[in-house]
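A.B. asks: Can you keep this structure in mind? I'll have questions shortly.
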Number of protein chains: 2
Amino acid sequence: MFEILHKKVNETITITDEEFAYAKTLFVPKKLRKKRFLLEDGEVCMYTTFVEKGLLRSFTIDDKGNEHILQFGMQGWWVGDLYSFLTGEASEYNIEALEDSELLLITKPSWNLLLDEVPAFERYFRILIQNNLIATQRRLMCTISATAEERYSKLLKDFPDISQRVPQHMIASYIGVTRETLSRLRSQMISGN
Amino acid sequence: MFEILHKKVNETITITDEEFAYAKTLFVPKKLRKKRFLLEDGEVCMYTTFVEKGLLRSFTIDDKGNEHILQFGMQGWWVGDLYSFLTGEASEYNIEALEDSELLLITKPSWNLLLDEVPAFERYFRILIQNNLIATQRRLMCTISATAEERYSKLLKDFPDISQRVPQHMIASYIGVTRETLSRLRSQMISGN
DNA sequence: AAGATTGTGTGACATAGATCACCTCCATTT
DNA sequence: AAATGGAGGTGATCTATGTCACACAATCTT
C-alpha cells in the first residue's frame with residue numbers, strides 16, 4: 001500500500017527506513033470507488049492525500065453550474081485543497097474518484113508532526129510544492145497566451161494516456177473550453193492533419 | 001537593506017538573530033533602476049531575488065511578439081524563474097524593473113547552503129512556495145472560468161494600488177487580454193456603474 | 001427488455017475578445 | 001520650441017469560442 005509513496009519519496013530525498021516506517025504510521029489508507037467523493041465543496045479539507053493507485057479529479061462548480069478542473073490526480077500525485085487544509089476554511093473544491101483508487105490520507109496534526117519530526121520530509125514537501133508551482137505557472141501562462149488547440153495538444157503531450165482514461169468533456173473543462181468546442185477542435189485536427 | 005526580508009521571515013518562522021545574521025552573508029544586495037533587466041530570456045536565471053523595495057515584472061514574449069506577464073514582484077515578494085534557477089536551463093522569462101528597486105540576490109550554491117545550514121529556512125521556503133502555489137492555482141482557475149471583466153475586478157481588489165503603479169497595457173497582459181479590450185472594458189465599467 | 005443516463009457529435013446563431021487603423025495626450029529629449 | 005516615443009482611447013471589422021438545440025450510440029438501472 002505504501003510502495004509508490006516510498007518510491008516517490010526516495011526519488012527526491014534521502015531518508016532512513018526508520019523515518020519512513022514512522023511516516024507510515026501517520027497515514028490512513030483508504031480505498032475510494034469510482035464516482036465517490038473525497039471532498040465536497042462547503043466541507044473543510046481534512047486531509048492531504050497521496051494517490052497510490054487510481055485517478056481522481058479536483059474541480060470547482062461555478063454559478064452557472066459549469067465545472068472547472070484544477071487537477072487530475074494520478075498515481076504518485078498528491079491531491080487536496082491546500083488552502084482549506086491549512087486554514088480550516090470551507091473548500092470550494094470537489095474531489096472525485098474517476099477510477100477505483102487507493103489513497104493515503106494524512107491529517108493536519110499528523111502532517112505537522114511529520115514535518116517537525118522528520119526534517120527530510122519538510123524538504124520533500126518543499127520540493128514537491130516547488131515542482132507543482134512550476135507546472136502550475138506553466139499551465140497559467142499557456143492558458144493566458146495559447147489557443148484552445150495549443151492547450152489541448154500540450155495536454156496530450158504531457159499526459160499521453162489521459163484521453164483514454166477520462167471523458168472528453170472533462171478534458172475540455174481542464175483546458176478551459178466547452179465540450180462542443182473541444183469536439184470540433186478534435187475533428188478539425190483529424191481532418192487537417 | 002534587510003528590513004523587509006527580516007520582517008517577512010519573522011512573520012512565517014522563528015529564527016535566532018545569529019541564523020538571520022548568517023543568512024544575510026549569503027545575499028548580494030543590488031539596486032536596479034527602472035527599465036533595467038534582472039533577467040533576459042535565453043539566459044540562465046542565476047539568482048532567486050527578494051524585493052526589498054520597488055516593483056518588477058516577469059514576463060514572456062510569444063512568437064507574435066506579445067508579452068504575457070506572469071508576476072508583478074512587489075516589496076516583500078520573491079521573483080525569478082524557479083525552473084531555470086533549479087535546472088540551469090535557459091529561461092524563457094524576462095524580469096524588468098518597473099520602478100527603481102532594491103533587491104537581495106541569492107545564488108543557487110548559497111541558497112542550498114542556507115537550506116542545509118538553517119532548517120528553519122527550509123520551512124520558510126516551503127511555506128512561501130505553498131502560498132504562492134495557492135495564489136497561482138486561484139489565478140489559473142479564475143483565468144479558466146471568469147470573463148476578462150471579472151479577472152480585472154479581481155486584480156484591482158487583490159492589488160488596489162496596481163493601477164496607479166503600472167501602465168494599463170501591462171495589466172492587460174497580466175489578465176490575458178489585449179490593451180484595446182481592457183481599455184473598452186474600463187469605459188464600460190465606468191459608464192455601466 | 002425498456003427506459004434512463006452519460007458521452008459525444010454537429011448545425012445555426014450569438015458574442016467576447018482580437019486585430020488593424022488611426023487619433024490624442026503627455027512627458028522626455030534635443 | 002520642435003520632435004520623438006509611450007500610453008491610452010475608439011471605430012470597423014474578423015474570428016474563436018460559447019450557447020442552444022437536437023441526434024445518436026453506449027452503458028447502466030430497474
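Letters A, B, ... mark the chains of the C-alpha cells in the order given; residue numbers begin at 1 per chain; ligand numbers begin at 1, in order shown.
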At a cut-off of 9 Å, can you tabulate as JSON lines every residue of range 4-30 of chain D near range 2-17 of chain C together with its closest atom pair and the distance in Å to one decimal, using only C-alpha atoms (C1' of nucleotides) and ordering rows by chain then number?

C.D. replies:
```
{"residue": "D:DA16", "atom": "C1'", "partner": "C:DG17", "partner_atom": "C1'", "distance": 8.8}
{"residue": "D:DT17", "atom": "C1'", "partner": "C:DA16", "partner_atom": "C1'", "distance": 8.5}
{"residue": "D:DG18", "atom": "C1'", "partner": "C:DT15", "partner_atom": "C1'", "distance": 7.6}
{"residue": "D:DT19", "atom": "C1'", "partner": "C:DA14", "partner_atom": "C1'", "distance": 7.4}
{"residue": "D:DC20", "atom": "C1'", "partner": "C:DC13", "partner_atom": "C1'", "distance": 8.8}
{"residue": "D:DA21", "atom": "C1'", "partner": "C:DG11", "partner_atom": "C1'", "distance": 8.9}
{"residue": "D:DA23", "atom": "C1'", "partner": "C:DG9", "partner_atom": "C1'", "distance": 8.5}
{"residue": "D:DC24", "atom": "C1'", "partner": "C:DG9", "partner_atom": "C1'", "distance": 8.6}
{"residue": "D:DA25", "atom": "C1'", "partner": "C:DT8", "partner_atom": "C1'", "distance": 8.7}
{"residue": "D:DA26", "atom": "C1'", "partner": "C:DG7", "partner_atom": "C1'", "distance": 8.3}
{"residue": "D:DT27", "atom": "C1'", "partner": "C:DT6", "partner_atom": "C1'", "distance": 7.7}
{"residue": "D:DC28", "atom": "C1'", "partner": "C:DT5", "partner_atom": "C1'", "distance": 7.3}
{"residue": "D:DT29", "atom": "C1'", "partner": "C:DA4", "partner_atom": "C1'", "distance": 7.5}
{"residue": "D:DT30", "atom": "C1'", "partner": "C:DG3", "partner_atom": "C1'", "distance": 8.7}
```

A.B. asks: Just asking: which residues within range 4-185 of chain B are strand (DSSP E) according to DSSP, as a PyMOL selection string?

C.D. replies: chain B and resi 28-32+37-39+47-53+55-61+67-74+78-79+94-97+101-107

A.B. asks: Would you list which chain B residues are within 10 Å of chain A using only C-alpha atoms, as a PyMOL selection string?

C.D. replies: chain B and resi 59-62+66-71+81-83+115-116+119-120+122-146+173-177

A.B. asks: How many Å lie between CA of Asp158 in chain B and CA of Met74 in chain B, rounded to one decimal?

C.D. replies: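 Between CA of Asp158 in chain B and CA of Met74 in chain B the gap is 12.7 Å.
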
A.B. asks: At a cut-off of 10 Å, which residues of chain D touch chain B? Count only C-alpha atoms (C1' of nucleotides) and give the answer as a PyMOL selection string.

C.D. replies: chain D and resi 7-10

A.B. asks: When DSSP works through the backbone of this structure, what residues of range 26-185 of chain A end up as helix (DSSP H, G or I), shown as number ranges by chain?

C.D. replies: A: 26, 82-87, 108-117, 119-145, 148-158, 162-165, 168-175, 179-185

A.B. asks: Which residues come within 8 Å of Glu40 in chain A, counting only C-alpha atoms (C1' of nucleotides), excluding same-chain residues fewer than 5 positions away, as a list in words?

C.D. replies: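 In the requested form, the answer reads Ser91, Glu92, Tyr93, Asn94 and Ile95 of chain A.
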
A.B. asks: Filtering to C-alpha atoms, could you give me those residues as a PDB file, in the first residue's frame?

C.D. replies:
```pdb
ATOM      1  CA  SER A  91     -13.372  24.390   0.490  1.00  0.00           C
ATOM      2  CA  GLU A  92     -14.706  25.408  -2.913  1.00  0.00           C
ATOM      3  CA  TYR A  93     -13.365  22.253  -4.465  1.00  0.00           C
ATOM      4  CA  ASN A  94     -14.788  18.821  -5.089  1.00  0.00           C
ATOM      5  CA  ILE A  95     -12.540  15.798  -5.343  1.00  0.00           C
TER       6      ILE A  95
END
```

A.B. asks: Can you work out which residues from chain B touch chain C at a cut-off of 10 Å (counting only C-alpha atoms (C1' of nucleotides)) and hand them back as a list in words?

C.D. replies: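 Applying the cut-off to the listed atoms yields Thr147, Ala148, Val177, Thr178, Glu180, Thr181 and Leu182 of chain B.
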
A.B. asks: Save the residues we just selected, C-alpha atoms, as a PDB file, in the first residue's frame?

C.D. replies:
```pdb
ATOM      1  CA  THR B 147     -14.576  36.760 -18.027  1.00  0.00           C
ATOM      2  CA  ALA B 148     -11.964  39.427 -18.668  1.00  0.00           C
ATOM      3  CA  VAL B 177      -6.380  40.307 -22.908  1.00  0.00           C
ATOM      4  CA  THR B 178      -5.203  42.944 -25.364  1.00  0.00           C
ATOM      5  CA  GLU B 180      -7.710  47.562 -26.526  1.00  0.00           C
ATOM      6  CA  THR B 181     -10.032  45.115 -24.810  1.00  0.00           C
ATOM      7  CA  LEU B 182      -9.019  46.347 -21.366  1.00  0.00           C
TER       8      LEU B 182
END
```

A.B. asks: Excluding same-chain residues fewer than 2 positions from range 96-104 of chain B, what lies within 7 Å of it counting only C-alpha atoms (C1' of nucleotides), as a ChimeraX atom specification?

C.D. replies: /B:27-38,49-58,94,106

A.B. asks: Would you mind reading off the distance between CA of Gln188 in chain A and CA of Phe72 in chain A, one decimal, in Å?

C.D. replies: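 The value is 25.7 Å.
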
A.B. asks: Rounded to one decimal place, report the CA of Thr87 in chain B-CA of Ile15 in chain A distance in Å.

C.D. replies: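 These two atoms are separated by 23.0 Å.
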